[in-house]
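The next block is query.txt, given as compact mmCIF, C-alpha atoms.
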# COMPACT_ATOMS: atom_id res chain seq x y z
CA MET A 1 10.87 34.16 -6.54
CA CYS A 2 14.19 34.01 -4.75
CA ASP A 3 14.32 36.05 -1.58
CA THR A 4 18.04 36.55 -1.99
CA CYS A 5 18.31 38.02 -5.45
CA GLY A 6 14.87 37.89 -7.04
CA CYS A 7 15.72 35.12 -9.53
CA GLY A 8 12.68 33.27 -10.75
CA GLN A 9 10.90 36.39 -11.89
CA PRO A 10 10.28 36.29 -15.65
CA GLU A 11 13.23 38.54 -16.46
CA VAL A 12 15.67 36.90 -14.07
CA GLU A 13 17.10 33.45 -14.88
CA VAL A 14 17.03 30.85 -12.10
CA HIS A 15 20.52 30.14 -10.91
CA GLU A 16 22.33 28.80 -7.91
CA HIS A 17 23.80 31.26 -5.52
CA GLU A 18 27.44 31.00 -4.53
CA HIS A 19 26.61 29.38 -1.24
CA GLU A 20 24.13 26.90 -2.79
CA ARG A 21 24.30 23.95 -5.12
CA VAL A 22 21.89 21.55 -6.76
CA VAL A 23 22.21 17.87 -5.91
CA ASP A 24 20.59 15.30 -8.18
CA VAL A 25 18.78 12.77 -5.99
CA GLN A 26 16.39 10.77 -8.24
CA GLN A 27 15.17 8.60 -5.39
CA ASP A 28 11.75 7.15 -4.73
CA ILE A 29 10.17 8.69 -1.63
CA LEU A 30 9.23 5.21 -0.43
CA SER A 31 12.61 3.67 -1.29
CA LYS A 32 13.51 3.01 2.35
CA ASN A 33 10.24 1.17 2.98
CA ASN A 34 10.50 -0.70 -0.32
CA LEU A 35 14.05 -1.86 0.46
CA LEU A 36 13.02 -3.13 3.87
CA ALA A 37 9.96 -4.78 2.31
CA GLU A 38 12.24 -6.66 -0.11
CA ARG A 39 14.38 -7.78 2.83
CA ASN A 40 11.22 -9.05 4.54
CA ARG A 41 10.23 -10.79 1.31
CA GLY A 42 13.61 -12.48 1.03
CA TYR A 43 13.44 -13.61 4.65
CA PHE A 44 9.98 -15.13 4.11
CA GLU A 45 10.92 -16.87 0.85
CA ALA A 46 14.09 -18.35 2.33
CA ARG A 47 12.05 -19.91 5.15
CA GLY A 48 9.04 -21.08 3.12
CA ILE A 49 6.81 -18.57 4.96
CA VAL A 50 3.77 -17.42 2.97
CA ALA A 51 2.94 -13.89 4.15
CA LEU A 52 -0.58 -12.63 3.46
CA ASN A 53 -1.27 -8.89 3.86
CA LEU A 54 -4.97 -8.61 4.70
CA VAL A 55 -6.35 -5.19 3.78
CA SER A 56 -9.85 -3.79 3.99
CA SER A 57 -12.01 -1.00 5.31
CA PRO A 58 -12.68 -1.17 9.05
CA GLY A 59 -15.39 -3.70 9.97
CA SER A 60 -15.20 -5.94 6.89
CA GLY A 61 -14.66 -9.05 9.01
CA LYS A 62 -10.89 -9.63 8.74
CA THR A 63 -10.44 -10.77 12.35
CA THR A 64 -13.45 -13.11 12.31
CA LEU A 65 -12.17 -14.60 9.05
CA LEU A 66 -8.74 -15.14 10.64
CA GLU A 67 -10.31 -16.85 13.64
CA ARG A 68 -12.18 -19.23 11.34
CA THR A 69 -9.23 -19.95 9.05
CA ILE A 70 -6.85 -20.67 11.93
CA SER A 71 -9.36 -22.92 13.69
CA ASP A 72 -10.19 -24.80 10.43
CA LEU A 73 -6.61 -25.34 9.25
CA GLY A 74 -4.59 -25.13 12.47
CA LYS A 75 -4.01 -28.91 12.62
CA ASP A 76 -2.44 -29.00 9.13
CA ILE A 77 -0.75 -25.58 8.91
CA THR A 78 1.26 -23.48 11.37
CA PHE A 79 -0.02 -19.92 11.58
CA SER A 80 1.37 -16.77 13.15
CA VAL A 81 -0.28 -13.37 13.07
CA VAL A 82 0.67 -9.69 13.10
CA GLU A 83 -2.28 -7.53 14.17
CA GLY A 84 -2.29 -3.86 13.15
CA ASP A 85 -4.67 -1.40 14.81
CA GLN A 86 -4.51 2.24 15.85
CA GLN A 87 -5.00 1.23 19.47
CA SER A 88 -5.99 -1.69 21.74
CA SER A 89 -5.13 -5.36 21.75
CA ARG A 90 -8.69 -6.61 21.27
CA ASP A 91 -7.97 -8.23 17.91
CA ALA A 92 -4.73 -9.79 19.14
CA ASP A 93 -6.61 -11.18 22.17
CA ARG A 94 -9.12 -12.85 19.86
CA ILE A 95 -6.33 -14.42 17.79
CA GLU A 96 -4.48 -15.52 20.90
CA ALA A 97 -7.58 -17.48 21.92
CA THR A 98 -7.18 -19.57 18.74
CA GLY A 99 -3.74 -20.70 19.93
CA ALA A 100 -1.82 -19.00 17.13
CA PRO A 101 1.16 -16.83 18.15
CA VAL A 102 0.31 -13.17 17.62
CA VAL A 103 1.96 -9.76 17.99
CA GLN A 104 -0.15 -6.60 18.21
CA VAL A 105 1.26 -3.48 16.53
CA ASN A 106 -0.42 -0.24 17.60
CA THR A 107 0.17 2.51 15.08
CA GLY A 108 -1.17 5.41 17.19
CA THR A 109 -1.78 8.26 14.77
CA GLY A 110 -0.52 6.12 11.85
CA CYS A 111 -3.09 4.62 9.50
CA HIS A 112 -1.12 1.73 8.02
CA LEU A 113 1.52 -0.85 8.78
CA ASP A 114 4.88 -0.41 7.11
CA ALA A 115 7.78 -2.78 6.37
CA HIS A 116 9.73 -1.60 9.42
CA MET A 117 6.85 -2.41 11.80
CA VAL A 118 6.42 -5.84 10.19
CA HIS A 119 10.16 -6.50 10.43
CA HIS A 120 10.11 -5.84 14.19
CA ALA A 121 6.92 -7.82 14.74
CA VAL A 122 8.38 -10.79 12.87
CA GLU A 123 11.55 -10.60 14.98
CA LYS A 124 9.35 -11.03 18.07
CA LEU A 125 7.13 -13.70 16.49
CA ASN A 126 9.95 -15.75 14.96
CA PRO A 127 7.54 -17.68 12.69
CA ARG A 128 8.35 -21.30 11.98
CA GLU A 129 9.65 -22.37 8.61
CA ASN A 130 6.97 -23.56 6.17
CA SER A 131 4.21 -21.63 7.89
CA ILE A 132 1.66 -18.95 7.06
CA LEU A 133 2.09 -15.43 8.39
CA MET A 134 -1.16 -13.48 8.44
CA ILE A 135 -0.65 -9.71 8.59
CA GLU A 136 -3.92 -8.02 9.47
CA ASN A 137 -3.32 -4.44 8.33
CA VAL A 138 -4.99 -1.37 9.82
CA GLY A 139 -8.53 -0.96 8.44
CA ASN A 140 -7.94 1.51 5.60
CA LEU A 141 -8.01 1.10 1.82
CA ILE A 142 -5.86 4.10 0.93
CA CYS A 143 -2.54 4.32 2.76
CA PRO A 144 -1.84 0.58 3.01
CA ALA A 145 -1.84 0.55 -0.81
CA LEU A 146 1.33 2.65 -0.79
CA PHE A 147 3.33 0.58 1.70
CA ASP A 148 4.75 -2.75 0.59
CA LEU A 149 5.27 -5.01 3.62
CA GLY A 150 7.14 -7.78 1.78
CA GLU A 151 4.08 -9.96 1.57
CA SER A 152 3.61 -12.91 -0.78
CA HIS A 153 0.04 -11.84 -1.58
CA LYS A 154 -2.18 -8.88 -0.88
CA VAL A 155 -5.65 -10.13 0.13
CA LEU A 156 -8.38 -7.49 -0.10
CA ILE A 157 -11.52 -8.13 1.92
CA ILE A 158 -14.74 -6.27 1.25
CA SER A 159 -18.17 -7.00 2.71
CA VAL A 160 -21.56 -6.82 1.03
CA THR A 161 -22.60 -4.05 3.41
CA GLU A 162 -20.04 -1.68 1.85
CA GLY A 163 -21.68 -1.20 -1.54
CA GLU A 164 -20.98 -2.89 -4.88
CA ASP A 165 -19.23 0.27 -6.12
CA LYS A 166 -16.34 -0.15 -3.67
CA PRO A 167 -13.88 -0.87 -6.53
CA LEU A 168 -14.84 2.39 -8.26
CA LYS A 169 -14.13 4.36 -5.11
CA TYR A 170 -10.87 2.66 -4.12
CA PRO A 171 -9.35 1.52 -7.43
CA THR A 172 -5.71 1.72 -6.29
CA MET A 173 -6.06 -1.06 -3.73
CA PHE A 174 -8.06 -3.23 -6.14
CA SER A 175 -5.42 -2.71 -8.82
CA ILE A 176 -2.61 -4.12 -6.66
CA ALA A 177 -4.42 -6.88 -4.75
CA ASP A 178 -4.03 -10.52 -5.77
CA ILE A 179 -7.17 -11.86 -4.13
CA CYS A 180 -10.54 -10.32 -3.29
CA LEU A 181 -12.73 -11.90 -0.65
CA ILE A 182 -16.36 -10.77 -0.70
CA ASN A 183 -17.49 -11.38 2.89
CA LYS A 184 -20.82 -11.40 4.76
CA ILE A 185 -22.68 -13.02 1.84
CA ASP A 186 -25.19 -14.28 4.40
CA LEU A 187 -26.51 -10.70 4.43
CA LEU A 188 -27.16 -10.55 0.66
CA PRO A 189 -30.94 -10.93 1.06
CA TYR A 190 -30.98 -7.74 3.17
CA VAL A 191 -28.73 -5.37 1.21
CA ASP A 192 -28.60 -3.92 -2.29
CA PHE A 193 -25.39 -5.55 -3.49
CA ASP A 194 -24.95 -7.12 -6.90
CA VAL A 195 -22.01 -9.51 -6.59
CA ASP A 196 -21.45 -9.83 -10.34
CA ARG A 197 -21.51 -6.06 -10.83
CA CYS A 198 -19.02 -5.60 -8.00
CA LYS A 199 -16.70 -8.16 -9.58
CA GLU A 200 -17.06 -6.46 -12.96
CA TYR A 201 -16.07 -3.10 -11.41
CA ALA A 202 -13.14 -4.77 -9.65
CA LYS A 203 -11.92 -6.41 -12.87
CA ARG A 204 -11.75 -2.97 -14.51
CA ALA A 205 -9.05 -2.11 -11.97
CA ASN A 206 -7.41 -5.53 -12.08
CA GLY A 207 -8.27 -8.28 -14.53
CA ASP A 208 -6.10 -10.79 -12.64
CA LEU A 209 -8.03 -10.73 -9.36
CA THR A 210 -9.10 -14.08 -7.88
CA PHE A 211 -12.45 -13.86 -6.06
CA PHE A 212 -13.87 -15.83 -3.14
CA GLU A 213 -17.43 -15.24 -1.92
CA ILE A 214 -17.66 -16.12 1.74
CA SER A 215 -19.38 -15.67 5.04
CA ALA A 216 -16.92 -15.86 7.94
CA LYS A 217 -19.95 -16.01 10.24
CA THR A 218 -21.87 -18.92 8.64
CA ARG A 219 -18.73 -20.52 7.06
CA GLU A 220 -20.35 -20.46 3.59
CA GLY A 221 -17.63 -20.47 0.91
CA LEU A 222 -14.80 -20.99 3.42
CA THR A 223 -13.88 -24.40 2.04
CA GLN A 224 -12.63 -22.86 -1.22
CA TRP A 225 -10.70 -20.14 0.64
CA ASN A 226 -9.19 -22.70 3.02
CA ASP A 227 -8.24 -24.92 0.05
CA TRP A 228 -6.44 -21.99 -1.56
CA ILE A 229 -4.44 -21.34 1.63
CA TYR A 230 -3.64 -25.03 2.07
CA HIS A 231 -2.34 -25.43 -1.47
CA ARG A 232 -0.42 -22.15 -1.34
CA ALA A 233 1.30 -23.27 1.87
CA LYS A 234 2.27 -26.61 0.34
CA LYS A 235 3.63 -24.88 -2.77
CA SER A 236 6.16 -22.91 -0.67
CA LEU A 237 7.53 -25.80 1.37
CA ARG A 238 11.30 -25.74 1.89
CA MET B 239 2.15 12.56 6.99
CA SER B 240 4.13 9.34 6.45
CA ILE B 241 4.87 10.39 2.88
CA ALA B 242 6.07 13.83 4.04
CA MET B 243 8.33 12.22 6.63
CA CYS B 244 9.76 9.76 4.09
CA LEU B 245 10.36 12.63 1.66
CA ILE B 246 12.24 14.61 4.32
CA ASP B 247 14.25 11.51 5.20
CA VAL B 248 15.35 10.96 1.58
CA ALA B 249 16.26 14.62 1.14
CA SER B 250 18.09 14.83 4.48
CA THR B 251 20.10 11.66 3.86
CA SER B 252 21.20 13.00 0.50
CA ALA B 253 22.03 16.41 2.00
CA GLN B 254 24.07 14.85 4.79
CA GLU B 255 26.03 12.75 2.28
CA GLU B 256 26.92 16.02 0.52
CA GLY B 257 28.02 17.63 3.78
CA ALA B 258 25.24 20.23 3.67
CA ALA B 259 24.30 22.45 6.61
CA LYS B 260 20.84 23.23 5.31
CA ILE B 261 18.37 22.30 2.57
CA ASN B 262 16.94 25.30 0.74
CA GLN B 263 14.73 23.54 -1.78
CA ILE B 264 13.42 20.03 -2.49
CA ASP B 265 12.13 19.19 -5.98
CA VAL B 266 9.59 16.37 -5.83
CA GLU B 267 7.83 14.63 -8.72
CA ILE B 268 4.30 13.54 -7.81
CA GLY B 269 2.41 11.51 -10.40
CA ALA B 270 -1.30 12.20 -10.87
CA LEU B 271 -2.00 8.51 -10.15
CA ALA B 272 0.40 8.06 -7.23
CA GLY B 273 -2.39 8.31 -4.67
CA VAL B 274 -0.91 11.36 -2.96
CA MET B 275 -2.70 14.72 -2.79
CA ILE B 276 -0.48 17.76 -3.24
CA HIS B 277 -2.05 20.23 -0.80
CA PRO B 278 -2.14 17.85 2.18
CA LEU B 279 1.46 16.88 1.38
CA GLU B 280 2.51 20.55 1.47
CA PHE B 281 0.77 21.02 4.80
CA CYS B 282 2.31 17.86 6.28
CA PHE B 283 5.74 18.86 4.96
CA ASP B 284 5.55 22.18 6.83
CA VAL B 285 4.78 20.36 10.06
CA ALA B 286 7.08 17.38 9.61
CA SER B 287 10.11 19.46 8.56
CA ARG B 288 10.29 21.41 11.82
CA GLY B 289 13.50 20.60 13.65
CA THR B 290 15.03 18.90 10.60
CA MET B 291 17.51 20.00 7.94
CA ALA B 292 14.52 20.60 5.69
CA GLU B 293 12.93 23.21 7.97
CA GLY B 294 12.25 26.33 5.97
CA ALA B 295 13.03 24.61 2.66
CA LYS B 296 10.84 25.36 -0.33
CA LEU B 297 8.94 22.25 -1.42
CA ASN B 298 8.78 22.45 -5.21
CA ILE B 299 6.22 19.89 -6.40
CA ILE B 300 6.44 18.90 -10.06
CA PRO B 301 3.18 17.21 -11.07
CA ILE B 302 3.50 14.36 -13.61
CA GLU B 303 0.53 13.59 -15.85
CA GLY B 304 -0.90 10.12 -16.08
CA VAL B 305 -0.44 8.17 -19.31
CA GLY B 306 -1.96 4.77 -20.02
CA GLU B 307 -1.27 2.16 -22.68
CA CYS B 308 -4.20 0.01 -23.76
CA GLN B 309 -3.10 -3.65 -23.66
CA ASP B 310 -5.68 -4.54 -26.30
CA CYS B 311 -5.00 -1.92 -29.02
CA GLN B 312 -1.68 -0.36 -27.82
CA ASN B 313 -3.22 3.13 -27.86
CA GLU B 314 -1.44 5.56 -25.52
CA PHE B 315 -3.61 8.25 -23.96
CA PRO B 316 -3.79 10.68 -21.01
CA VAL B 317 -5.25 9.16 -17.84
CA ASN B 318 -6.70 11.07 -14.86
CA GLY B 319 -7.92 8.10 -12.86
CA LEU B 320 -7.28 4.41 -12.68
CA LEU B 321 -10.54 3.22 -14.23
CA THR B 322 -10.35 5.27 -17.43
CA PRO B 323 -11.28 3.15 -20.46
CA CYS B 324 -9.32 3.34 -23.72
CA PRO B 325 -10.81 6.14 -25.84
CA LYS B 326 -10.13 4.11 -29.00
CA CYS B 327 -11.45 0.60 -28.17
CA GLU B 328 -13.20 1.29 -24.80
CA GLY B 329 -11.25 -1.55 -23.16
CA PHE B 330 -10.30 -1.47 -19.49
CA ARG B 331 -7.01 -3.38 -19.74
CA ILE B 332 -4.85 -0.32 -19.29
CA LYS B 333 -1.22 -0.35 -18.22
CA ILE B 334 -0.16 2.85 -16.49
CA ILE B 335 3.14 3.89 -18.06
CA GLN B 336 3.43 7.32 -16.44
CA GLY B 337 1.85 8.99 -13.45
CA LYS B 338 2.73 6.85 -10.45
CA GLU B 339 5.93 8.70 -9.59
CA LEU B 340 6.66 9.65 -5.98
CA ARG B 341 10.24 10.78 -6.29
CA VAL B 342 12.69 13.28 -4.85
CA LYS B 343 14.25 14.60 -8.06
CA SER B 344 16.83 17.00 -6.61
CA ILE B 345 17.63 19.25 -3.69
CA ILE B 346 19.33 22.64 -3.37
CA ILE B 347 21.65 22.64 -0.39
CA GLU B 348 23.72 25.16 1.43
CA SER B 349 27.12 24.23 2.83
Let me see the structure of the file written as structure tokens.
Amino acid sequence: MCDTCGCGQPEVEVHEHEHERVVDVQQDILSKNNLLAERNRGYFEARGIVALNLVSSPGSGKTTLLERTISDLGKDITFSVVEGDQQSSRDADRIEATGAPVVQVNTGTGCHLDAHMVHHAVEKLNPRENSILMIENVGNLICPALFDLGESHKVLIISVTEGEDKPLKYPTMFSIADICLINKIDLLPYVDFDVDRCKEYAKRANGDLTFFEISAKTREGLTQWNDWIYHRAKKSLR
Amino acid sequence: MSIAMCLIDVASTSAQEEGAAKINQIDVEIGALAGVMIHPLEFCFDVASRGTMAEGAKLNIIPIEGVGECQDCQNEFPVNGLLTPCPKCEGFRIKIIQGKELRVKSIIIES
């Protein structure tokens, strides 16, 4: 109900007041982020940079996986990394030890990276042409699903300790990911996790998902994942 | 909170382009499948709008229902969640054709 004249009550038609007017906006709330994400995307494509947005719940093993991938492929492929965490540079320190250039983005009270943060991080990193940019997002499966960073692929990492019903609980992220890595498969003998059932749940959200079953700790399955990265990098060469 | 801040940014930019002094109302379409909860958004809007042109504005949220189209039998049906199977053929290959909106539809401004 309007405080000025009571319009909005059933018997009073809604209308503008003399001092007010309606402006048609019709704009996506995330349009600013999406525009900047497309600029990032264009920048990456023009330079043959394959940007991978790594998303997961906290503790799925993203950083350990990055350490392994960079150490396995570092002689053949140039990597650079954007690390996103609420606080601390612990993950960036670990990546730095691999020799790959890295920038840590601390989001404070924010729970996701956005295109603006990635834009600034990439300005600092200045990744080489024909390289792979790994963006390790903040551990969160909800908000990162809303914020396009301009990546080439969204890589979703889950671990067998998180329950096979993960896709049922977080369908949005599964529906927009390109790749799903099922990590910590060395722990399968000790947890109740049916890999095939998990994949079946995930395919309900997204029939086009590509799966890799891996253990970043024991290196089981990493050859296939590394092969995918290698061939993807070669495909984008400028 | 990020969504509330983005919403206020879109509305304020539009209001400034129109030479407004104040925003009195923001009409926002939120799809049932957009991944945004209405009550938390209202709370965050109240907090995030303080000190902006949108302070004191009424946030009018227009919910949009989810509609899916089965890619196997082309049946269109209401959808409340992303993993809803087709009621006709029970398939899961569903394309969401409505319900992901997160849009500022219009604003009411005061000069």
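Residue nearest chain A, chosen from B:Leu279, B:Leu321, B:Cys308, B:Ile299 and counting only C-alpha atoms: B:Leu321.
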Around (-7.8, -2.6, 6.9), as given in the file, which residues come within 6 Å? Count all atoms listed in the file and list them as a ChimeraX atom specification. /A:55-58,137-140
Produce a table with one row for each residue of chain A that has an atom at most 12 Å from any atom of chain B, each row naming the nearest atom pair and its distance in Å at one decimal; use only C-alpha atoms; arrange rows by chain and rising residue number; format as a Markdown table.
| residue | atom | partner | partner_atom | distance |
| --- | --- | --- | --- | --- |
| A:Met1 | CA | B:Lys296 | CA | 10.8 |
| A:Cys2 | CA | B:Lys296 | CA | 10.3 |
| A:Asp3 | CA | B:Asn262 | CA | 11.3 |
| A:Thr4 | CA | B:Asn262 | CA | 11.6 |
| A:His15 | CA | B:Ile346 | CA | 10.7 |
| A:Glu16 | CA | B:Ile346 | CA | 8.2 |
| A:His17 | CA | B:Glu348 | CA | 9.2 |
| A:Glu18 | CA | B:Glu348 | CA | 9.1 |
| A:His19 | CA | B:Glu348 | CA | 5.8 |
| A:Glu20 | CA | B:Glu348 | CA | 4.6 |
| A:Arg21 | CA | B:Ile346 | CA | 5.4 |
| A:Val22 | CA | B:Ile346 | CA | 4.4 |
| A:Val23 | CA | B:Ile345 | CA | 5.3 |
| A:Asp24 | CA | B:Ser344 | CA | 4.4 |
| A:Val25 | CA | B:Ser344 | CA | 4.7 |
| A:Gln26 | CA | B:Lys343 | CA | 4.4 |
| A:Gln27 | CA | B:Val342 | CA | 5.3 |
| A:Asp28 | CA | B:Arg341 | CA | 4.2 |
| A:Ile29 | CA | B:Arg341 | CA | 5.1 |
| A:Leu30 | CA | B:Cys244 | CA | 6.4 |
| A:Ser31 | CA | B:Val248 | CA | 8.3 |
| A:Lys32 | CA | B:Cys244 | CA | 7.9 |
| A:Asn33 | CA | B:Cys244 | CA | 8.7 |
| A:Asn34 | CA | B:Cys244 | CA | 11.4 |
| A:Thr107 | CA | B:Ser240 | CA | 11.7 |
| A:Thr109 | CA | B:Met239 | CA | 9.7 |
| A:Gly110 | CA | B:Ser240 | CA | 7.8 |
| A:Cys111 | CA | B:Ser240 | CA | 9.1 |
| A:His112 | CA | B:Ser240 | CA | 9.4 |
| A:Leu113 | CA | B:Ser240 | CA | 10.8 |
| A:Asp114 | CA | B:Ser240 | CA | 9.8 |
| A:Leu141 | CA | B:Gly273 | CA | 11.2 |
| A:Ile142 | CA | B:Gly273 | CA | 7.8 |
| A:Cys143 | CA | B:Gly273 | CA | 8.4 |
| A:Pro144 | CA | B:Gly273 | CA | 10.9 |
| A:Ala145 | CA | B:Gly273 | CA | 8.7 |
| A:Leu146 | CA | B:Gly273 | CA | 7.8 |
| A:Phe147 | CA | B:Ser240 | CA | 10.0 |
| A:Pro167 | CA | B:Leu321 | CA | 9.3 |
| A:Leu168 | CA | B:Leu321 | CA | 7.4 |
| A:Lys169 | CA | B:Leu321 | CA | 9.9 |
| A:Tyr170 | CA | B:Leu320 | CA | 9.4 |
| A:Pro171 | CA | B:Leu320 | CA | 6.3 |
| A:Thr172 | CA | B:Leu320 | CA | 7.1 |
| A:Met173 | CA | B:Gly273 | CA | 10.1 |
| A:Phe174 | CA | B:Leu320 | CA | 10.1 |
| A:Ser175 | CA | B:Leu320 | CA | 8.3 |
| A:Ile176 | CA | B:Leu320 | CA | 11.4 |
| A:Glu200 | CA | B:Phe330 | CA | 10.6 |
| A:Tyr201 | CA | B:Leu321 | CA | 8.9 |
| A:Ala202 | CA | B:Leu321 | CA | 9.6 |
| A:Lys203 | CA | B:Phe330 | CA | 8.4 |
| A:Arg204 | CA | B:Phe330 | CA | 5.4 |
| A:Ala205 | CA | B:Leu321 | CA | 6.0 |
| A:Asn206 | CA | B:Arg331 | CA | 8.0 |
| A:Gly207 | CA | B:Arg331 | CA | 7.3 |
| A:Asp208 | CA | B:Arg331 | CA | 10.3 |
Taking 2 positions as the minimum chain separation for residues in the same chain, which residues sit within 6 Å of Lys184 of chain A when counting all atoms listed in the file? Answer as a JSON list (two decimals) with C-alpha atoms, keeping the file's coordinate frame.
[["chain", "number", "residue", "atom", "x", "y", "z"],
["A", 159, "SER", "CA", -18.17, -7.00, 2.71],
["A", 160, "VAL", "CA", -21.56, -6.82, 1.03],
["A", 186, "ASP", "CA", -25.19, -14.28, 4.40],
["A", 187, "LEU", "CA", -26.51, -10.70, 4.43],
["A", 215, "SER", "CA", -19.38, -15.67, 5.04]]
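A straight line drawn from atom CA of Ser60 of chain A to atom CA of Gly74 of chain A is 22.6 Å long.
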Excluding same-chain residues fewer than 2 positions from Glu136 of chain A, what lies within 9 Å of it counting all atoms listed in the file, as a list in words? Leu52, Asn53, Leu54, Val55, Lys62, Thr63, Leu66, Val81, Val82, Glu83, Gly84, Asp85, Met134, Val138 and Gly139 of chain A
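When only C-alpha atoms are used to compute distances to Gly304 of chain B, the closest of the residues B:Ser250, B:Val285, B:Ile334, B:Glu255 turns out to be B:Ile334.
Closest approach to Val155 of chain A among A:Ala92, A:Leu222, A:Ala115, A:Leu209: A:Leu209, based on all atoms listed in the file.
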Spatial neighbours of Asp284 of chain B, max dist 8 Å, all atoms listed in the file, sep filter under 4 positions, as a PyMOL selection string: chain B and resi 280+288+293-294
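Closest approach to Leu65 of chain A among A:Ile95, A:Ile179, A:Leu35, A:Val118 is made by A:Ile95 (distances from only C-alpha atoms).
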